[in-house]
Amino acid sequence: MEPVVRAGQNGLTQTDLARAQEAAMAELDAAFAAVADIRVAMNSLTPACRLPSVIVLQVLKLAQVVDPPRYEDRPYLGWLSLTQVSHLWRETALQCHALWSQVAVCLGQHWTGAFVTRSRTCPLHIRCNFKTTICPEGTQRLEHGETGGTEGWRLVEQAITHVIETASRRITTLDLEAPTSTLQFIIRLVEMHTSSLTSLTDLVIHPVIGHMTIQPSSDNFAATFNSLTRSSIPNTLPAALWTRLPSRLTSLTITSGGVDMDSRQARSYMFLLFLLLRRSTELVNLSLNFERLPSWNTISVPWNGRSVELRNLKTLSLSGDGKACLSIVRSLWDHRGLCKLDVAVTGANWESLCVDSILSATNLVSGPLHRDPFTSLSIAGSLSVDSSQLCLHARRAMPCRIGPESPPSAHPDLALRFTSRSLERDKYRNSLTKLMSSINITRVRSLYVSFPGLSVVDWSTIHWINLFHGAHAVQVLHIRGECSGLIHTLGISTGGDTPVANQQSDGGPEPVTDATRMVFPALRSLVFEDVDFNYVNARRVPAHQAFARVLSARAPLSGVPRELELRRCQLDQDSADWWESSVPARMRNWSAQSLRNNMRMITS
């Protein structure tokens, strides 16, 4: 500081210099104090070797999920490296026997032996997949069975052989995903030790997509798996397997291996599967993929004898051909116990999807005629000229409890999601009309609508009124994408003449003047997502102006929603200024400030 003081003496008084020195010393003392505080805080930290065993164990369990062992050109230990932090960490890991029950077969026979020994008497879970055994050739080639003789899969074969030969009675889970050669090796190994796998409850075999059928070496496969309760297997396994699975199964999943069957194989496969379902009266979860399988209609059983009584069934998932999925739904004796239904059907046209028949058979979103009807339904579809796809997801109760972090719009009673690819206008209209006619919408309280492509098919207000004329209970409406027609419908009266389904224009509909003639009269929450409020309809009215007119028309009838949410919407600055000056500010719980902030947010 001497040069600074000397320079300052030429232009500053002694008093100024003294004050400057005092300020500098004060800053220096504060810096020393801060460093001292940091040193004290660091010294007060507990070293890793002195942490409580409970905390160390929680860290190890979390690392087991986040960083599992795997093979990447060479073994990678993952969470096992943490056991070498200190003596405390190693002893804590060794004392928790359940920590070693997830056998890391990707590390080879040596580590597998350590897992078996350290787990003591705990049940063992064996899983191998393409995530933990990563080969240089890539998983895509492995899925098609072109490779599989790499060092990593050789270690997996040795490890599984060791654990089955030394601790087969403790194995409860076998989850197998591997190249064809490795999978064939493991299945034959399991086949040889079926009599000793007395604790096996979960058997999962992932399909090798587009490859040959996996054939056991004899007919004894699964002959003594009496302990098995959950199974997921591909349809590339032989059909004789169904006769050897136990009748006490609670969960059964059939996946598609992408292999076509001839008519004789298909009939035999479906018949044996049908017999398995007839005797599996304890099934709770059932998932069937009919991508390459026929329906019950191919089996030589009279129609009145094809019913399956599964009174404990809670979850049913069907995918593939529409007629095949429909045959399963119709064969179920009773649907009252179902809590979850997922149907993903495909077909060449709308008729082949059998949507109306499936909806009628399961009574989805139905009225009070059914004692315990489904309460929610999600429909997602892709309609095109040459093919169509439709997904139905039905629930008897909300997936999770609605709270501040989970708004009602997150889990609607009825969700309609569609995409259209070069589909002619009338066909799109007729398809959606048929779909909605199969659903009783009077019970729906929350509705999600996403119909891209409606501007192309010229969907008018009359069509919207036809679809949602009876939606008197809807309180939450979530609109995504092109929806200018639906916005206009909110302010139109449903009274007067009965709308015509194939009418091409609105024909001068009257504004709503009666609360009983509003669409969605009980609307309380409105959510817009990915909506272009700058869009100009055929009447040359921008969407944001049409919505403002709707609010003005519904306001005197207490039909204005209390909540408005805008997600990723588009509105230019001039339109936003018009919105702020034209939309009534005092609309229930809306405030002018929050509305302005909302609009500014979406214009940024």
# chains A, B, ... in the order shown; residues from 1 in each chain; ligands from 1
>>> residues_around(residues="Thr255 in chain A", least_positions_apart="4", cutoff="8 Å", atoms="only C-alpha atoms", output="list in words")
His206, Pro207, Ser232, Ile233, Pro234, Asn235, Leu288 and Asn289 of chain A
>>> residues_around(residues="range 464-472 of chain A", least_positions_apart="6", cutoff="6 Å", atoms="only C-alpha atoms", output="number ranges by chain")
A: 441-442, 520-521
>>> residues_around(residues="Thr250 in chain A", least_positions_apart="4", cutoff="6 Å", atoms="only C-alpha atoms", output="PyMOL selection string")
chain A and resi 229-230+282-284
>>> closest_residue(among="A:Cys483, A:Cys391, A:Ile462, A:Ile379", to="Val343 in chain A", atoms="only C-alpha atoms")
A:Cys391
>>> atom_distance(atom1="CA of Glu565 in chain A", atom2="CA of Met518 in chain A")
21.2 Å
>>> residues_around(residues="Glu510 in chain A", least_positions_apart="3", cutoff="9 Å", atoms="only C-alpha atoms", output="VMD selection string")
chain A and resid 491 to 496 513
>>> write_last_selection(atoms="C-alpha atoms", output="compact mmCIF listing (two decimals), in the first residue's frame")
# COMPACT_ATOMS: atom_id res chain seq x y z
CA GLY A 491 -70.82 -18.96 -27.91
CA ILE A 492 -73.46 -20.56 -30.16
CA SER A 493 -76.91 -21.66 -29.05
CA THR A 494 -77.77 -25.34 -29.35
CA GLY A 495 -81.48 -24.59 -29.60
CA GLY A 496 -83.62 -24.35 -32.72
CA THR A 513 -78.98 -16.44 -25.00
>>> residues_around(residues="range 72-89 of chain A", least_positions_apart="4", cutoff="12 Å", atoms="only C-alpha atoms", output="PyMOL selection string")
chain A and resi 47-68+93-96+99-100+103-111+114-115+130-138+150-153+155-156
>>> write_last_selection(atoms="N, CA and C atoms", output="compact mmCIF listing (two decimals), in the first residue's frame")
# COMPACT_ATOMS: atom_id res chain seq x y z
N PRO A 47 -16.36 -36.58 7.70
CA PRO A 47 -15.73 -37.34 6.61
C PRO A 47 -16.60 -38.52 6.20
N ALA A 48 -16.40 -38.98 4.97
CA ALA A 48 -17.21 -40.09 4.47
C ALA A 48 -17.04 -41.34 5.32
N CYS A 49 -15.87 -41.50 5.91
CA CYS A 49 -15.62 -42.70 6.71
C CYS A 49 -16.29 -42.64 8.08
N ARG A 50 -16.89 -41.48 8.43
CA ARG A 50 -17.54 -41.34 9.73
C ARG A 50 -19.05 -41.12 9.63
N LEU A 51 -19.60 -41.25 8.44
CA LEU A 51 -21.04 -41.08 8.28
C LEU A 51 -21.79 -42.20 8.98
N PRO A 52 -23.00 -41.95 9.43
CA PRO A 52 -23.80 -43.03 10.03
C PRO A 52 -24.07 -44.14 9.01
N SER A 53 -24.14 -45.35 9.49
CA SER A 53 -24.35 -46.50 8.60
C SER A 53 -25.67 -46.40 7.85
N VAL A 54 -26.67 -45.79 8.48
CA VAL A 54 -27.97 -45.65 7.82
C VAL A 54 -27.85 -44.79 6.57
N ILE A 55 -27.09 -43.70 6.66
CA ILE A 55 -26.91 -42.82 5.51
C ILE A 55 -26.08 -43.51 4.44
N VAL A 56 -25.04 -44.21 4.85
CA VAL A 56 -24.21 -44.94 3.88
C VAL A 56 -25.04 -45.96 3.11
N LEU A 57 -25.92 -46.65 3.82
CA LEU A 57 -26.75 -47.66 3.17
C LEU A 57 -27.71 -47.03 2.17
N GLN A 58 -28.28 -45.88 2.50
CA GLN A 58 -29.17 -45.20 1.57
C GLN A 58 -28.43 -44.74 0.33
N VAL A 59 -27.19 -44.28 0.50
CA VAL A 59 -26.37 -43.87 -0.65
C VAL A 59 -26.09 -45.06 -1.55
N LEU A 60 -25.78 -46.20 -0.96
CA LEU A 60 -25.50 -47.40 -1.75
C LEU A 60 -26.74 -47.86 -2.52
N LYS A 61 -27.90 -47.82 -1.88
CA LYS A 61 -29.13 -48.24 -2.55
C LYS A 61 -29.47 -47.30 -3.71
N LEU A 62 -29.25 -46.00 -3.51
CA LEU A 62 -29.51 -45.06 -4.59
C LEU A 62 -28.53 -45.26 -5.74
N ALA A 63 -27.26 -45.48 -5.41
CA ALA A 63 -26.25 -45.70 -6.46
C ALA A 63 -26.52 -47.00 -7.21
N GLN A 64 -27.12 -47.97 -6.54
CA GLN A 64 -27.45 -49.24 -7.20
C GLN A 64 -28.44 -49.03 -8.34
N VAL A 65 -29.32 -48.05 -8.19
CA VAL A 65 -30.31 -47.76 -9.23
C VAL A 65 -29.73 -46.83 -10.28
N VAL A 66 -28.99 -45.81 -9.84
CA VAL A 66 -28.48 -44.80 -10.76
C VAL A 66 -27.30 -45.31 -11.58
N ASP A 67 -26.42 -46.09 -10.97
CA ASP A 67 -25.18 -46.50 -11.63
C ASP A 67 -25.00 -48.01 -11.49
N PRO A 68 -25.79 -48.82 -12.21
CA PRO A 68 -25.66 -50.28 -12.09
C PRO A 68 -24.40 -50.77 -12.79
N ALA A 93 -22.03 -52.40 3.38
CA ALA A 93 -22.54 -53.12 2.21
C ALA A 93 -22.60 -54.63 2.47
N LEU A 94 -21.60 -55.17 3.15
CA LEU A 94 -21.58 -56.61 3.40
C LEU A 94 -22.66 -57.03 4.40
N GLN A 95 -22.99 -56.15 5.34
CA GLN A 95 -23.98 -56.49 6.35
C GLN A 95 -25.41 -56.43 5.82
N CYS A 96 -25.62 -55.70 4.72
CA CYS A 96 -26.95 -55.64 4.10
C CYS A 96 -27.03 -56.72 3.02
N LEU A 99 -28.84 -56.16 -0.36
CA LEU A 99 -28.19 -55.31 -1.36
C LEU A 99 -27.56 -56.14 -2.47
N TRP A 100 -27.27 -57.41 -2.19
CA TRP A 100 -26.58 -58.26 -3.15
C TRP A 100 -27.54 -59.24 -3.84
N VAL A 103 -28.30 -59.83 -8.82
CA VAL A 103 -27.04 -60.40 -9.29
C VAL A 103 -26.61 -59.72 -10.59
N ALA A 104 -25.38 -59.18 -10.59
CA ALA A 104 -24.84 -58.51 -11.78
C ALA A 104 -24.16 -59.55 -12.66
N VAL A 105 -24.95 -60.26 -13.46
CA VAL A 105 -24.39 -61.33 -14.29
C VAL A 105 -23.51 -60.78 -15.41
N CYS A 106 -23.62 -59.49 -15.70
CA CYS A 106 -22.80 -58.91 -16.77
C CYS A 106 -21.33 -58.83 -16.39
N LEU A 107 -21.00 -59.00 -15.10
CA LEU A 107 -19.61 -58.93 -14.64
C LEU A 107 -18.90 -60.27 -14.68
N GLY A 108 -19.60 -61.33 -15.00
CA GLY A 108 -18.96 -62.63 -15.11
C GLY A 108 -19.13 -63.50 -13.89
N GLN A 109 -18.50 -64.70 -13.95
CA GLN A 109 -18.69 -65.72 -12.92
C GLN A 109 -18.11 -65.32 -11.58
N HIS A 110 -16.95 -64.63 -11.55
CA HIS A 110 -16.31 -64.28 -10.29
C HIS A 110 -17.21 -63.39 -9.44
N TRP A 111 -17.72 -62.31 -10.02
CA TRP A 111 -18.57 -61.41 -9.27
C TRP A 111 -19.92 -62.06 -8.95
N ALA A 114 -19.59 -63.87 -5.83
CA ALA A 114 -19.58 -62.96 -4.69
C ALA A 114 -21.00 -62.52 -4.32
N PHE A 115 -21.82 -62.23 -5.32
CA PHE A 115 -23.21 -61.85 -5.05
C PHE A 115 -23.97 -62.99 -4.37
N PHE A 130 -29.72 -55.49 -22.98
CA PHE A 130 -28.78 -54.78 -23.83
C PHE A 130 -28.27 -53.49 -23.20
N LYS A 131 -28.85 -53.07 -22.07
CA LYS A 131 -28.37 -51.88 -21.38
C LYS A 131 -27.17 -52.18 -20.51
N THR A 132 -27.16 -53.35 -19.89
CA THR A 132 -26.05 -53.70 -19.01
C THR A 132 -24.95 -54.45 -19.73
N THR A 133 -25.24 -55.00 -20.89
CA THR A 133 -24.21 -55.66 -21.69
C THR A 133 -24.20 -55.00 -23.06
N ILE A 134 -23.33 -54.01 -23.20
CA ILE A 134 -23.27 -53.20 -24.41
C ILE A 134 -22.12 -53.71 -25.27
N CYS A 135 -22.45 -54.15 -26.48
CA CYS A 135 -21.45 -54.75 -27.36
C CYS A 135 -20.98 -53.74 -28.39
N PRO A 136 -19.76 -53.86 -28.87
CA PRO A 136 -19.24 -52.93 -29.88
C PRO A 136 -20.06 -52.91 -31.15
N GLU A 137 -20.69 -54.04 -31.50
CA GLU A 137 -21.45 -54.09 -32.75
C GLU A 137 -22.74 -53.30 -32.67
N GLY A 138 -23.22 -53.01 -31.46
CA GLY A 138 -24.47 -52.27 -31.30
C GLY A 138 -25.64 -53.21 -31.09
N THR A 150 -19.91 -62.20 -28.51
CA THR A 150 -18.94 -61.27 -27.96
C THR A 150 -18.54 -61.70 -26.55
N GLU A 151 -17.48 -61.07 -26.05
CA GLU A 151 -16.98 -61.39 -24.72
C GLU A 151 -18.01 -61.10 -23.64
N GLY A 152 -18.75 -59.99 -23.80
CA GLY A 152 -19.74 -59.63 -22.79
C GLY A 152 -20.81 -60.69 -22.62
N TRP A 153 -21.35 -61.21 -23.71
CA TRP A 153 -22.40 -62.23 -23.60
C TRP A 153 -21.82 -63.57 -23.17
N LEU A 155 -19.53 -63.80 -20.86
CA LEU A 155 -19.51 -63.64 -19.41
C LEU A 155 -20.91 -63.85 -18.81
N VAL A 156 -21.93 -63.36 -19.51
CA VAL A 156 -23.31 -63.54 -19.03
C VAL A 156 -23.67 -65.02 -18.98
>>> select_by_dssp(residues="range 138-198 of chain A", states="helix (DSSP H, G or I)", output="VMD selection string")
chain A and resid 139 to 143 151 to 170 180 to 192
>>> closest_residue(among="A:Ser195, A:Ser525, A:Thr253, A:Gln184", to="Arg445 in chain A", atoms="only C-alpha atoms")
A:Ser525
>>> select_by_dssp(residues="range 70-150 of chain A", states="strand (DSSP E or B)", output="PyMOL selection string")
chain A and resi 70-72+75-76+102-103+124-128+133-134
>>> atom_distance(atom1="CA of Phe185 in chain A", atom2="CA of Glu157 in chain A")
7.5 Å
>>> atom_distance(atom1="CA of Pro123 in chain A", atom2="CA of Pro246 in chain A")
20.9 Å
>>> decode(residues="range 544-583 of chain A", atoms="N, CA and C atoms", output="PDB file, in the first residue's frame")
ATOM      1  N   HIS A 544     -58.578 -14.948 -31.655  1.00  0.00           N
ATOM      2  CA  HIS A 544     -58.624 -14.263 -30.364  1.00  0.00           C
ATOM      3  C   HIS A 544     -59.854 -13.352 -30.264  1.00  0.00           C
ATOM      4  N   GLN A 545     -60.289 -12.776 -31.384  1.00  0.00           N
ATOM      5  CA  GLN A 545     -61.504 -11.964 -31.349  1.00  0.00           C
ATOM      6  C   GLN A 545     -62.745 -12.843 -31.186  1.00  0.00           C
ATOM      7  N   ALA A 546     -62.732 -14.011 -31.845  1.00  0.00           N
ATOM      8  CA  ALA A 546     -63.863 -14.933 -31.690  1.00  0.00           C
ATOM      9  C   ALA A 546     -63.989 -15.384 -30.239  1.00  0.00           C
ATOM     10  N   PHE A 547     -62.858 -15.639 -29.600  1.00  0.00           N
ATOM     11  CA  PHE A 547     -62.902 -16.070 -28.205  1.00  0.00           C
ATOM     12  C   PHE A 547     -63.390 -14.944 -27.298  1.00  0.00           C
ATOM     13  N   ALA A 548     -62.983 -13.708 -27.580  1.00  0.00           N
ATOM     14  CA  ALA A 548     -63.461 -12.578 -26.779  1.00  0.00           C
ATOM     15  C   ALA A 548     -64.972 -12.420 -26.906  1.00  0.00           C
ATOM     16  N   ARG A 549     -65.498 -12.617 -28.110  1.00  0.00           N
ATOM     17  CA  ARG A 549     -66.946 -12.533 -28.296  1.00  0.00           C
ATOM     18  C   ARG A 549     -67.661 -13.659 -27.548  1.00  0.00           C
ATOM     19  N   VAL A 550     -67.035 -14.829 -27.531  1.00  0.00           N
ATOM     20  CA  VAL A 550     -67.618 -15.950 -26.793  1.00  0.00           C
ATOM     21  C   VAL A 550     -67.701 -15.624 -25.310  1.00  0.00           C
ATOM     22  N   LEU A 551     -66.642 -15.041 -24.764  1.00  0.00           N
ATOM     23  CA  LEU A 551     -66.649 -14.675 -23.346  1.00  0.00           C
ATOM     24  C   LEU A 551     -67.745 -13.660 -23.058  1.00  0.00           C
ATOM     25  N   SER A 552     -67.876 -12.691 -23.949  1.00  0.00           N
ATOM     26  CA  SER A 552     -68.900 -11.663 -23.744  1.00  0.00           C
ATOM     27  C   SER A 552     -70.297 -12.259 -23.800  1.00  0.00           C
ATOM     28  N   ALA A 553     -70.499 -13.255 -24.680  1.00  0.00           N
ATOM     29  CA  ALA A 553     -71.823 -13.867 -24.806  1.00  0.00           C
ATOM     30  C   ALA A 553     -72.156 -14.758 -23.613  1.00  0.00           C
ATOM     31  N   ARG A 554     -71.167 -15.451 -23.058  1.00  0.00           N
ATOM     32  CA  ARG A 554     -71.423 -16.377 -21.963  1.00  0.00           C
ATOM     33  C   ARG A 554     -71.419 -15.701 -20.597  1.00  0.00           C
ATOM     34  N   ALA A 555     -70.788 -14.522 -20.496  1.00  0.00           N
ATOM     35  CA  ALA A 555     -70.641 -13.869 -19.194  1.00  0.00           C
ATOM     36  C   ALA A 555     -71.977 -13.612 -18.494  1.00  0.00           C
ATOM     37  N   PRO A 556     -73.003 -13.070 -19.172  1.00  0.00           N
ATOM     38  CA  PRO A 556     -74.274 -12.827 -18.466  1.00  0.00           C
ATOM     39  C   PRO A 556     -74.966 -14.105 -18.013  1.00  0.00           C
ATOM     40  N   LEU A 557     -74.584 -15.248 -18.605  1.00  0.00           N
ATOM     41  CA  LEU A 557     -75.236 -16.512 -18.281  1.00  0.00           C
ATOM     42  C   LEU A 557     -74.421 -17.335 -17.286  1.00  0.00           C
ATOM     43  N   SER A 558     -73.417 -16.709 -16.659  1.00  0.00           N
ATOM     44  CA  SER A 558     -72.534 -17.401 -15.708  1.00  0.00           C
ATOM     45  C   SER A 558     -71.858 -18.592 -16.370  1.00  0.00           C
ATOM     46  N   GLY A 559     -71.490 -18.428 -17.632  1.00  0.00           N
ATOM     47  CA  GLY A 559     -70.845 -19.519 -18.349  1.00  0.00           C
ATOM     48  C   GLY A 559     -69.385 -19.276 -18.641  1.00  0.00           C
ATOM     49  N   VAL A 560     -68.796 -18.252 -17.981  1.00  0.00           N
ATOM     50  CA  VAL A 560     -67.383 -17.955 -18.199  1.00  0.00           C
ATOM     51  C   VAL A 560     -66.543 -18.802 -17.251  1.00  0.00           C
ATOM     52  N   PRO A 561     -65.539 -19.505 -17.734  1.00  0.00           N
ATOM     53  CA  PRO A 561     -64.706 -20.325 -16.843  1.00  0.00           C
ATOM     54  C   PRO A 561     -63.957 -19.474 -15.829  1.00  0.00           C
ATOM     55  N   ARG A 562     -63.765 -20.032 -14.656  1.00  0.00           N
ATOM     56  CA  ARG A 562     -63.068 -19.314 -13.599  1.00  0.00           C
ATOM     57  C   ARG A 562     -61.563 -19.287 -13.838  1.00  0.00           C
ATOM     58  N   GLU A 563     -61.034 -20.277 -14.540  1.00  0.00           N
ATOM     59  CA  GLU A 563     -59.595 -20.379 -14.750  1.00  0.00           C
ATOM     60  C   GLU A 563     -59.295 -20.465 -16.242  1.00  0.00           C
ATOM     61  N   LEU A 564     -58.272 -19.747 -16.653  1.00  0.00           N
ATOM     62  CA  LEU A 564     -57.808 -19.789 -18.040  1.00  0.00           C
ATOM     63  C   LEU A 564     -56.309 -20.030 -18.025  1.00  0.00           C
ATOM     64  N   GLU A 565     -55.854 -21.044 -18.775  1.00  0.00           N
ATOM     65  CA  GLU A 565     -54.433 -21.360 -18.848  1.00  0.00           C
ATOM     66  C   GLU A 565     -54.031 -21.444 -20.311  1.00  0.00           C
ATOM     67  N   LEU A 566     -52.929 -20.772 -20.651  1.00  0.00           N
ATOM     68  CA  LEU A 566     -52.432 -20.735 -22.019  1.00  0.00           C
ATOM     69  C   LEU A 566     -51.037 -21.347 -22.051  1.00  0.00           C
ATOM     70  N   ARG A 567     -50.858 -22.369 -22.878  1.00  0.00           N
ATOM     71  CA  ARG A 567     -49.576 -23.062 -22.975  1.00  0.00           C
ATOM     72  C   ARG A 567     -49.063 -23.004 -24.410  1.00  0.00           C
ATOM     73  N   ARG A 568     -47.921 -22.367 -24.600  1.00  0.00           N
ATOM     74  CA  ARG A 568     -47.265 -22.307 -25.912  1.00  0.00           C
ATOM     75  C   ARG A 568     -48.216 -21.835 -27.012  1.00  0.00           C
ATOM     76  N   CYS A 569     -48.996 -20.811 -26.721  1.00  0.00           N
ATOM     77  CA  CYS A 569     -49.923 -20.257 -27.703  1.00  0.00           C
ATOM     78  C   CYS A 569     -49.255 -19.119 -28.468  1.00  0.00           C
ATOM     79  N   GLN A 570     -49.841 -18.755 -29.606  1.00  0.00           N
ATOM     80  CA  GLN A 570     -49.285 -17.715 -30.464  1.00  0.00           C
ATOM     81  C   GLN A 570     -50.260 -16.544 -30.558  1.00  0.00           C
ATOM     82  N   LEU A 571     -49.722 -15.334 -30.349  1.00  0.00           N
ATOM     83  CA  LEU A 571     -50.519 -14.115 -30.450  1.00  0.00           C
ATOM     84  C   LEU A 571     -49.560 -12.957 -30.672  1.00  0.00           C
ATOM     85  N   ASP A 572     -49.726 -12.223 -31.794  1.00  0.00           N
ATOM     86  CA  ASP A 572     -48.813 -11.114 -32.062  1.00  0.00           C
ATOM     87  C   ASP A 572     -49.124  -9.944 -31.132  1.00  0.00           C
ATOM     88  N   GLN A 573     -48.234  -8.928 -31.141  1.00  0.00           N
ATOM     89  CA  GLN A 573     -48.335  -7.845 -30.169  1.00  0.00           C
ATOM     90  C   GLN A 573     -49.587  -7.005 -30.382  1.00  0.00           C
ATOM     91  N   ASP A 574     -49.943  -6.724 -31.641  1.00  0.00           N
ATOM     92  CA  ASP A 574     -51.148  -5.930 -31.901  1.00  0.00           C
ATOM     93  C   ASP A 574     -52.396  -6.649 -31.391  1.00  0.00           C
ATOM     94  N   SER A 575     -52.458  -7.951 -31.623  1.00  0.00           N
ATOM     95  CA  SER A 575     -53.607  -8.708 -31.140  1.00  0.00           C
ATOM     96  C   SER A 575     -53.630  -8.758 -29.618  1.00  0.00           C
ATOM     97  N   ALA A 576     -52.444  -8.838 -29.004  1.00  0.00           N
ATOM     98  CA  ALA A 576     -52.378  -8.854 -27.544  1.00  0.00           C
ATOM     99  C   ALA A 576     -52.877  -7.532 -26.965  1.00  0.00           C
ATOM    100  N   ASP A 577     -52.511  -6.410 -27.616  1.00  0.00           N
ATOM    101  CA  ASP A 577     -53.000  -5.110 -27.148  1.00  0.00           C
ATOM    102  C   ASP A 577     -54.521  -5.029 -27.280  1.00  0.00           C
ATOM    103  N   TRP A 578     -55.050  -5.533 -28.394  1.00  0.00           N
ATOM    104  CA  TRP A 578     -56.512  -5.539 -28.572  1.00  0.00           C
ATOM    105  C   TRP A 578     -57.166  -6.381 -27.488  1.00  0.00           C
ATOM    106  N   TRP A 579     -56.544  -7.536 -27.165  1.00  0.00           N
ATOM    107  CA  TRP A 579     -57.080  -8.432 -26.146  1.00  0.00           C
ATOM    108  C   TRP A 579     -57.169  -7.715 -24.800  1.00  0.00           C
ATOM    109  N   GLU A 580     -56.106  -7.018 -24.427  1.00  0.00           N
ATOM    110  CA  GLU A 580     -56.070  -6.356 -23.124  1.00  0.00           C
ATOM    111  C   GLU A 580     -57.131  -5.270 -23.010  1.00  0.00           C
ATOM    112  N   SER A 581     -57.418  -4.622 -24.129  1.00  0.00           N
ATOM    113  CA  SER A 581     -58.379  -3.518 -24.079  1.00  0.00           C
ATOM    114  C   SER A 581     -59.822  -3.962 -24.297  1.00  0.00           C
ATOM    115  N   SER A 582     -60.036  -5.158 -24.848  1.00  0.00           N
ATOM    116  CA  SER A 582     -61.387  -5.575 -25.224  1.00  0.00           C
ATOM    117  C   SER A 582     -61.984  -6.640 -24.320  1.00  0.00           C
ATOM    118  N   VAL A 583     -61.172  -7.533 -23.798  1.00  0.00           N
ATOM    119  CA  VAL A 583     -61.716  -8.616 -22.986  1.00  0.00           C
ATOM    120  C   VAL A 583     -62.128  -8.072 -21.626  1.00  0.00           C
TER     121      VAL A 583
END
